[in-house]
Amino acid sequence: MSTLHSRRSVRQNGMVLVTALLMLVVVTIIALAMFRSFGVDEKIAGNLREKQRAVNAAETAEQYAEYWLVNGGNANTVPGVCSSASTAASVPTIPGQICTNALLTPAVLPWTSGANVVGVTYTPSAPTAANPTNATPMTITGLGAGQGNYYLSPGFYVTFLGNTTTQGSIYQIDAVGYGGSPDTAAVVESTYKVQTNVQCLSCTP
């Protein structure tokens, strides 16, 4: 009887060891899954942040284009075929571009006409004595940009759609903004009407 009892004890101890090893494997798998999910969550949060930064940059360029149009850009710039890029300053008196050739695929970047890159590059200016409320300029660092920096300056493309019977002109504005890498880009589009008998009170200093 003692020999039989001893064999049962050995078998029971063996089952306990196997059960403990199985539990250890299960706990290890759960822990690895948790660590992996934490990494995925961080990546998702970072991607959402960069996406929002790109959208905000695009909207900034779009709003500037509207501001430039209503402050004389439409009157002082003759619409024409745009075949090269230009740069906009922080004040609307610097000529931009009003194009008669629309972008065929605004979502495909960079914007091109033929083999040339087109559009107006716009970077918000730094505060000055004359304009102390201007936004802090974007830090553009190109490829390898770190957190808080932008891959490229935002830009916009203004297409002249025609005049209306109510003494106004209609424009299509496409604007692009980037986050910290070329993979985080956002394009926004709006249709804007400028009437000659309407003054933008909020645009004048």
# chains A, B, ... in the order shown; residues from 1 in each chain; ligands from 1
>>> residues_around(residues="Ala175 in chain A", least_positions_apart="5", cutoff="8 Å", atoms="only C-alpha atoms", output="CSV table (one decimal) with C-alpha atoms, in the first residue's frame")
chain,number,residue,atom,x,y,z
A,58,ALA,CA,-3.8,73.1,-44.4
A,59,GLU,CA,-6.6,75.1,-42.9
A,61,ALA,CA,-3.1,78.1,-45.7
A,62,GLU,CA,-6.7,78.0,-46.9
A,154,PRO,CA,1.7,74.5,-46.1
A,155,GLY,CA,0.6,75.7,-49.5
A,156,PHE,CA,-2.4,76.6,-51.6
A,157,TYR,CA,-3.6,76.7,-55.1
A,187,VAL,CA,-5.6,68.5,-48.4
A,188,VAL,CA,-8.7,70.7,-47.9
A,189,GLU,CA,-10.8,72.4,-50.5
>>> residues_around(residues="range 158-164 of chain A", least_positions_apart="2", cutoff="7 Å", atoms="only C-alpha atoms", output="ChimeraX atom specification")
/A:79,97-102,156,166-174
>>> write_last_selection(atoms="C-alpha atoms", output="PDB file, in the first residue's frame")
ATOM      1  CA  PRO A  79      -5.585  84.843 -63.737  1.00  0.00           C
ATOM      2  CA  GLN A  97      -1.166  83.091 -58.136  1.00  0.00           C
ATOM      3  CA  ILE A  98      -4.658  82.783 -59.552  1.00  0.00           C
ATOM      4  CA  CYS A  99      -4.768  79.913 -61.993  1.00  0.00           C
ATOM      5  CA  THR A 100      -7.071  79.202 -64.897  1.00  0.00           C
ATOM      6  CA  ASN A 101      -5.933  75.563 -65.035  1.00  0.00           C
ATOM      7  CA  ALA A 102      -7.476  73.537 -62.228  1.00  0.00           C
ATOM      8  CA  PHE A 156      -2.439  76.613 -51.560  1.00  0.00           C
ATOM      9  CA  THR A 166     -24.001  89.709 -59.059  1.00  0.00           C
ATOM     10  CA  GLN A 167     -20.600  91.386 -59.559  1.00  0.00           C
ATOM     11  CA  GLY A 168     -18.600  88.675 -57.906  1.00  0.00           C
ATOM     12  CA  SER A 169     -15.887  86.210 -58.771  1.00  0.00           C
ATOM     13  CA  ILE A 170     -15.771  82.569 -57.708  1.00  0.00           C
ATOM     14  CA  TYR A 171     -12.572  80.774 -56.834  1.00  0.00           C
ATOM     15  CA  GLN A 172     -11.685  77.265 -55.802  1.00  0.00           C
ATOM     16  CA  ILE A 173      -9.015  77.025 -53.126  1.00  0.00           C
ATOM     17  CA  ASP A 174      -7.038  73.844 -52.548  1.00  0.00           C
TER      18      ASP A 174
END
>>> closest_residue(among="A:Thr184, A:Thr105, A:Asn149, A:Ser84", to="Val118 in chain A", atoms="only C-alpha atoms")
A:Ser84
>>> residues_around(residues="Gly142 in chain A", least_positions_apart="5", cutoff="12 Å", atoms="only C-alpha atoms", output="list in words")
Asn149, Tyr150, Tyr151, Leu152, Ser153, Tyr178, Gly179, Gly180, Ser181, Pro182 and Asp183 of chain A
>>> write_last_selection(atoms="N, CA and C atoms", output="short mmCIF file (atom, residue, chain, number, x, y, z; two decimals), in the first residue's frame")
data_model
loop_
_atom_site.label_atom_id
_atom_site.label_comp_id
_atom_site.auth_asym_id
_atom_site.auth_seq_id
_atom_site.Cartn_x
_atom_site.Cartn_y
_atom_site.Cartn_z
N ASN A 149 7.90 69.65 -35.29
CA ASN A 149 8.35 70.24 -36.54
C ASN A 149 7.46 69.79 -37.69
N TYR A 150 7.62 70.46 -38.83
CA TYR A 150 6.82 70.16 -40.01
C TYR A 150 7.72 69.72 -41.15
N TYR A 151 7.23 68.77 -41.92
CA TYR A 151 8.02 68.25 -43.04
C TYR A 151 8.17 69.30 -44.14
N LEU A 152 7.08 69.98 -44.49
CA LEU A 152 7.10 71.03 -45.50
C LEU A 152 6.16 72.16 -45.07
N SER A 153 6.39 73.33 -45.64
CA SER A 153 5.48 74.44 -45.40
C SER A 153 4.13 74.16 -46.05
N TYR A 178 1.29 69.64 -43.93
CA TYR A 178 2.05 68.45 -43.58
C TYR A 178 2.27 68.39 -42.07
N GLY A 179 2.42 67.17 -41.59
CA GLY A 179 2.86 66.96 -40.22
C GLY A 179 4.37 66.84 -40.19
N GLY A 180 4.87 65.91 -39.40
CA GLY A 180 6.31 65.76 -39.27
C GLY A 180 6.96 64.86 -40.29
N SER A 181 6.19 64.28 -41.20
CA SER A 181 6.77 63.37 -42.19
C SER A 181 5.98 63.50 -43.49
N PRO A 182 6.53 63.02 -44.60
CA PRO A 182 5.80 63.12 -45.88
C PRO A 182 4.56 62.24 -45.91
N ASP A 183 4.46 61.30 -44.99
CA ASP A 183 3.28 60.43 -44.96
C ASP A 183 2.10 61.06 -44.25
#
>>> atom_distance(atom1="CA of Pro124 in chain A", atom2="CA of Thr139 in chain A")
10.2 Å
>>> atom_distance(atom1="CA of Thr123 in chain A", atom2="CA of Met138 in chain A")
6.7 Å
>>> atom_distance(atom1="CA of Val70 in chain A", atom2="CA of Val194 in chain A")
6.2 Å
>>> decode(residues="range 151-174 of chain A", atoms="C-alpha atoms", output="PDB file, in the first residue's frame")
ATOM      1  CA  TYR A 151       8.016  68.245 -43.044  1.00  0.00           C
ATOM      2  CA  LEU A 152       7.096  71.030 -45.502  1.00  0.00           C
ATOM      3  CA  SER A 153       5.484  74.445 -45.398  1.00  0.00           C
ATOM      4  CA  PRO A 154       1.747  74.515 -46.126  1.00  0.00           C
ATOM      5  CA  GLY A 155       0.605  75.734 -49.496  1.00  0.00           C
ATOM      6  CA  PHE A 156      -2.439  76.613 -51.560  1.00  0.00           C
ATOM      7  CA  TYR A 157      -3.636  76.681 -55.144  1.00  0.00           C
ATOM      8  CA  VAL A 158      -6.299  79.170 -56.284  1.00  0.00           C
ATOM      9  CA  THR A 159      -8.347  78.373 -59.384  1.00  0.00           C
ATOM     10  CA  PHE A 160     -10.493  81.033 -61.045  1.00  0.00           C
ATOM     11  CA  LEU A 161     -13.920  79.545 -61.778  1.00  0.00           C
ATOM     12  CA  GLY A 162     -15.546  82.611 -63.346  1.00  0.00           C
ATOM     13  CA  ASN A 163     -17.634  85.698 -62.653  1.00  0.00           C
ATOM     14  CA  THR A 164     -21.247  85.787 -61.532  1.00  0.00           C
ATOM     15  CA  THR A 165     -24.093  88.069 -62.507  1.00  0.00           C
ATOM     16  CA  THR A 166     -24.001  89.709 -59.059  1.00  0.00           C
ATOM     17  CA  GLN A 167     -20.600  91.386 -59.559  1.00  0.00           C
ATOM     18  CA  GLY A 168     -18.600  88.675 -57.906  1.00  0.00           C
ATOM     19  CA  SER A 169     -15.887  86.210 -58.771  1.00  0.00           C
ATOM     20  CA  ILE A 170     -15.771  82.569 -57.708  1.00  0.00           C
ATOM     21  CA  TYR A 171     -12.572  80.774 -56.834  1.00  0.00           C
ATOM     22  CA  GLN A 172     -11.685  77.265 -55.802  1.00  0.00           C
ATOM     23  CA  ILE A 173      -9.015  77.025 -53.126  1.00  0.00           C
ATOM     24  CA  ASP A 174      -7.038  73.844 -52.548  1.00  0.00           C
TER      25      ASP A 174
END
